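Structure first, commentary second.
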Number of protein chains: 2
Amino acid sequence: MKKLTVIKIGGKVIDDSAALELFLKDLAKIEGSKILVHGGGKIATDFGQRLGIEPNYIDGRRITDAPTLELVTMVYAGLVNKRIVAGLQANGLNAIGLSGADANILPAVKRPVQNIDYGFVGDLDVTQVGVEQLSKFLDDGLTPVFCPLTHDQSGSLLNTNADTIASVLSSALSALFEVKLVYCFEQKGVLSDFTNQVVIPEIDSLSYQKLKEEKIINEGMIPKMDNAFDALRSGVQRVTIGHYTAVQSLTAGEAEGTVITL
Amino acid sequence: MKKLTVIKIGGKVIDDSAALELFLKDLAKIEGSKILVHGGGKIATDFGQRLGIEPNYIDGRRITDAPTLELVTMVYAGLVNKRIVAGLQANGLNAIGLSGADANILPAVKRPVQNIDYGFVGDLDVTQVGVEQLSKFLDDGLTPVFCPLTHDQSGSLLNTNADTIASVLSSALSALFEVKLVYCFEQKGVLSDFTNQVVIPEIDSLSYQKLKEEKIINEGMIPKMDNAFDALRSGVQRVTIGHYTAVQSLTAGEAEGTVITL
């Protein structure tokens with residue numbers, strides 16, 4: 001079976017152009033088929049302030065209203081995505097930037113309104129991912145670079161969490177590839193002790209429950225962990241979480257970061 | 001030989017969402033392989049004002065400085081490109097949005113400084129276009145949608161005129177395809193009489209010289225005409241210029257707009 005690495009990058013590295021440059025250099029050196037999924041960083045918030053687009057919250061949840069959708073389309077699909085693609089090309093990697101609308105790879109459904117109307121937010125269905133087209137891109141030696149936008153197939157783009165996109169892409173492609181999923185961010189892994197930066201080397205579904213009960217794994221990390229377990233249950237071979245400067249050793253499976261197992 | 005239509009759309013239709021929607025509906029109905037190249041419209045100017053990015057001119061020529069490059073990357077590659085891609089997908093056309101950095105299809109050279117430093121502006125070389133990859137996309141049934149950005153292969157995006165991109169893509173692909181190039185804009189064609197909206201049905205290189213001498217063809221139209229003649233000299237089969245509402249008949253070669261011949 002062919003091998004594939006799906007790498008998610010988010011958080012501070014997107015906002016720090018020197019760190020991003022180093023990350024892209026490291027990424028370009030990783031051999032074999034790969035897909036990059038990037039988050040939005042704080043750039044969208046900064047441009048939103050400059051444009052006078054106020055963040056819109058309901059019950060503490062960020063809402064994607066129409067001006068926010070315009071903003072994130074500009075920043076995620078335009079500025080951030082093309083900056084990453086041009087940076088990877090400069091390092092000799094043949095990257096192609098994609099939103100979920102491009103080549104219809106990530107059709108989504110606008111999140112149904114229950115208690116909260118999240119606005120232009122898209123929920124994915126792993127069975128609808130355009131795996132054949134993606135597989136052709138990979139066979140052509142291209143490295144797809146996804147921004148966190150999907151579409152409803154009726155003309156509207158939708159905002160979708162980048163961690164979820166990475167998990168859903170990995171799950172869908174595990175039918176055709178042996179997939180490793182690597183979440184890169186600004187921590188060395190999932191930490192048991194933030195002050196002393198102690199990394200938990202391995203978490204399985206049992207220890208995950210305990211860590212949640214003990215509040216060692218907190219709110220921000222829970223959706224990421226849930227995405228990781230979803231991917232493993234869908235046939236993804238390995239999920240690791242670690243620091244973006246360690247992307248090469250995380251991909252190689254060396255003793256870095258946190259390995260998630262079922 | 002396989003057939004291909006390259007369509008450039010620019011000007012007011014980009015700024016008018018109702019007109020754009022109708023155009024995309026018409027475009028989706030055109031059979032066979034096609035590529036769309038879009039301009040930027042006035043949206044970039046509007047967002048520039050909101051962001052406090054002042055247009056920078058030297059000797060009446062627009063300069064692409066670093067803040068302007070950020071602005072056009074957001075608006076052209078983000079907002080406008082993805083809006084068009086999502087709109088075409090809604091009409092059943094499998095569009096894929098691209099800048100020239102994506103899949104390295106349009107490598108360019110930053111314009112050398114002679115009298116004026118144009119800043120981040122890219123000049124294209126028809127021999128460097130990624131025709132093999134483009135041809136694969138077309139064979140896969142994809143419709144590439146290009147925004148007017150190229151890259152220098154060293155990590156920087158570059159601003160490049162959309163008319164020129166359409167001409168260069170057409171020229172490069174004429175080695176593999178029988179190419180028709182259609183320039184769509186807000187006029188019915190090249191006009192001999194603006195007040196009475198009289199369209200010149202055909203212009204060849206001889207009549208072009210005369211029309212320029214008589215100042216019937218004026219400044220704004222000259223680069224478009226030069227791009228059209230460049231394309232014909234490089235083997236493009238037919239170039240027409242006409243109104244965006246007539247894209248179907250212009251593509252079909254019916255009596256609409258202005259036909260350019262050598």
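In the structure tokens, each chain is lettered A, B, ... as it comes, each chain's residues begin at 1, and ligands are numbered from 1 in order of appearance.
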Handout entry: Exercise: stretch 3-19 of chain B partners within 8 Å, only C-alpha atoms, chain neighbours under 4 positions left out, as a ChimeraX atom specification
Key = /B:23,32-43,80,162-163,166,169-170,177-186,244,251
Problem - 6 Å contacts from chain B to chain A using only C-alpha atoms, as a PyMOL selection string - result: chain B and resi 50-51+73-75+77-79+86-87+90+94-97+101-103+153-155
Would you mind exporting C-alpha atoms of the selected residues as a CSV table (one decimal), in the first residue's frame?
chain,number,residue,atom,x,y,z
B,50,ARG,CA,-10.6,50.2,4.1
B,51,LEU,CA,-7.2,48.9,5.1
B,73,THR,CA,-3.0,38.2,-2.8
B,74,MET,CA,-5.9,38.3,-0.4
B,75,VAL,CA,-8.4,39.7,-2.9
B,77,ALA,CA,-6.3,34.6,-4.9
B,78,GLY,CA,-8.7,34.5,-1.9
B,79,LEU,CA,-12.0,36.4,-2.2
B,86,ALA,CA,-17.6,28.0,-5.6
B,87,GLY,CA,-20.0,29.6,-8.1
B,90,ALA,CA,-22.7,25.3,-7.9
B,94,ASN,CA,-15.5,21.1,-11.6
B,95,ALA,CA,-13.4,24.2,-11.3
B,96,ILE,CA,-10.0,24.4,-9.6
B,97,GLY,CA,-8.6,27.9,-8.5
B,101,ALA,CA,2.6,29.5,-7.8
B,102,ASP,CA,0.2,26.5,-7.5
B,103,ALA,CA,1.8,23.5,-9.2
B,153,GLN,CA,10.2,30.5,-7.6
B,154,SER,CA,12.1,32.1,-4.7
B,155,GLY,CA,9.1,32.5,-2.4
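Considering the residues B:Gly253, B:Thr245, B:Asn196, B:Gln237 and counting only C-alpha atoms, B:Leu24 has its shortest atom-to-atom contact with B:Thr245.
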Exercise for the section: Write out as a list in words which residues come within 9 Å of stretch 222-224 of chain B when counting only C-alpha atoms, dropping same-chain ones fewer than 4 positions away. Expected result: Asp163, Thr164, Tyr183, Lys212, Ile217, Asn218, Ala228 and Phe229 of chain B
Problem - Best match for closeness to B:Gln187 among B:Lys25, B:Asn56, B:His243, B:Gln248, counting only C-alpha atoms - result: B:His243
Excluding B:Asp117 and its own-chain neighbours fewer than 6 positions away, which residues fall within 9 Å of it when counting only C-alpha atoms? Please give them as a PDB file with C-alpha atoms, in the first residue's frame.
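Contents of the output file part-v4.pdb:
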ATOM      1  CA  ILE B  58       5.279  56.553 -10.205  1.00  0.00           C
ATOM      2  CA  ILE B  63       3.375  50.184  -8.438  1.00  0.00           C
ATOM      3  CA  ARG B 111      10.282  42.933 -13.791  1.00  0.00           C
TER       4      ARG B 111
END
Problem - Test item, strand (DSSP E) assignment across stretch 21-173 of chain B, answer as number ranges by chain - result: B: 33-38, 56-58, 61-63, 95-98, 108-110, 122-124, 143-146, 149-151, 157-159
Practice task
Just the residues within 8 Å of A:Ala246, please, counting only C-alpha atoms, with nothing from its chain fewer than 4 positions along; format it as a list in words.
Solution key: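 These residues fall inside the cut-off: Gly242, Leu250 and Glu256 of chain A.
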Put those residues in a file: N, CA and C atoms, as a PDB file, in the first residue's frame.
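Final output, selection-v4.pdb:
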ATOM      1  N   GLY A 242       2.874  17.107  18.094  1.00  0.00           N
ATOM      2  CA  GLY A 242       4.137  17.619  18.607  1.00  0.00           C
ATOM      3  C   GLY A 242       4.477  19.010  18.094  1.00  0.00           C
ATOM      4  N   LEU A 250       8.794  13.777  13.919  1.00  0.00           N
ATOM      5  CA  LEU A 250       7.421  13.337  14.164  1.00  0.00           C
ATOM      6  C   LEU A 250       6.929  12.482  13.000  1.00  0.00           C
ATOM      7  N   GLU A 256       9.401  11.524  19.652  1.00  0.00           N
ATOM      8  CA  GLU A 256       9.099  12.954  19.817  1.00  0.00           C
ATOM      9  C   GLU A 256       7.597  13.081  19.986  1.00  0.00           C
TER      10      GLU A 256
END
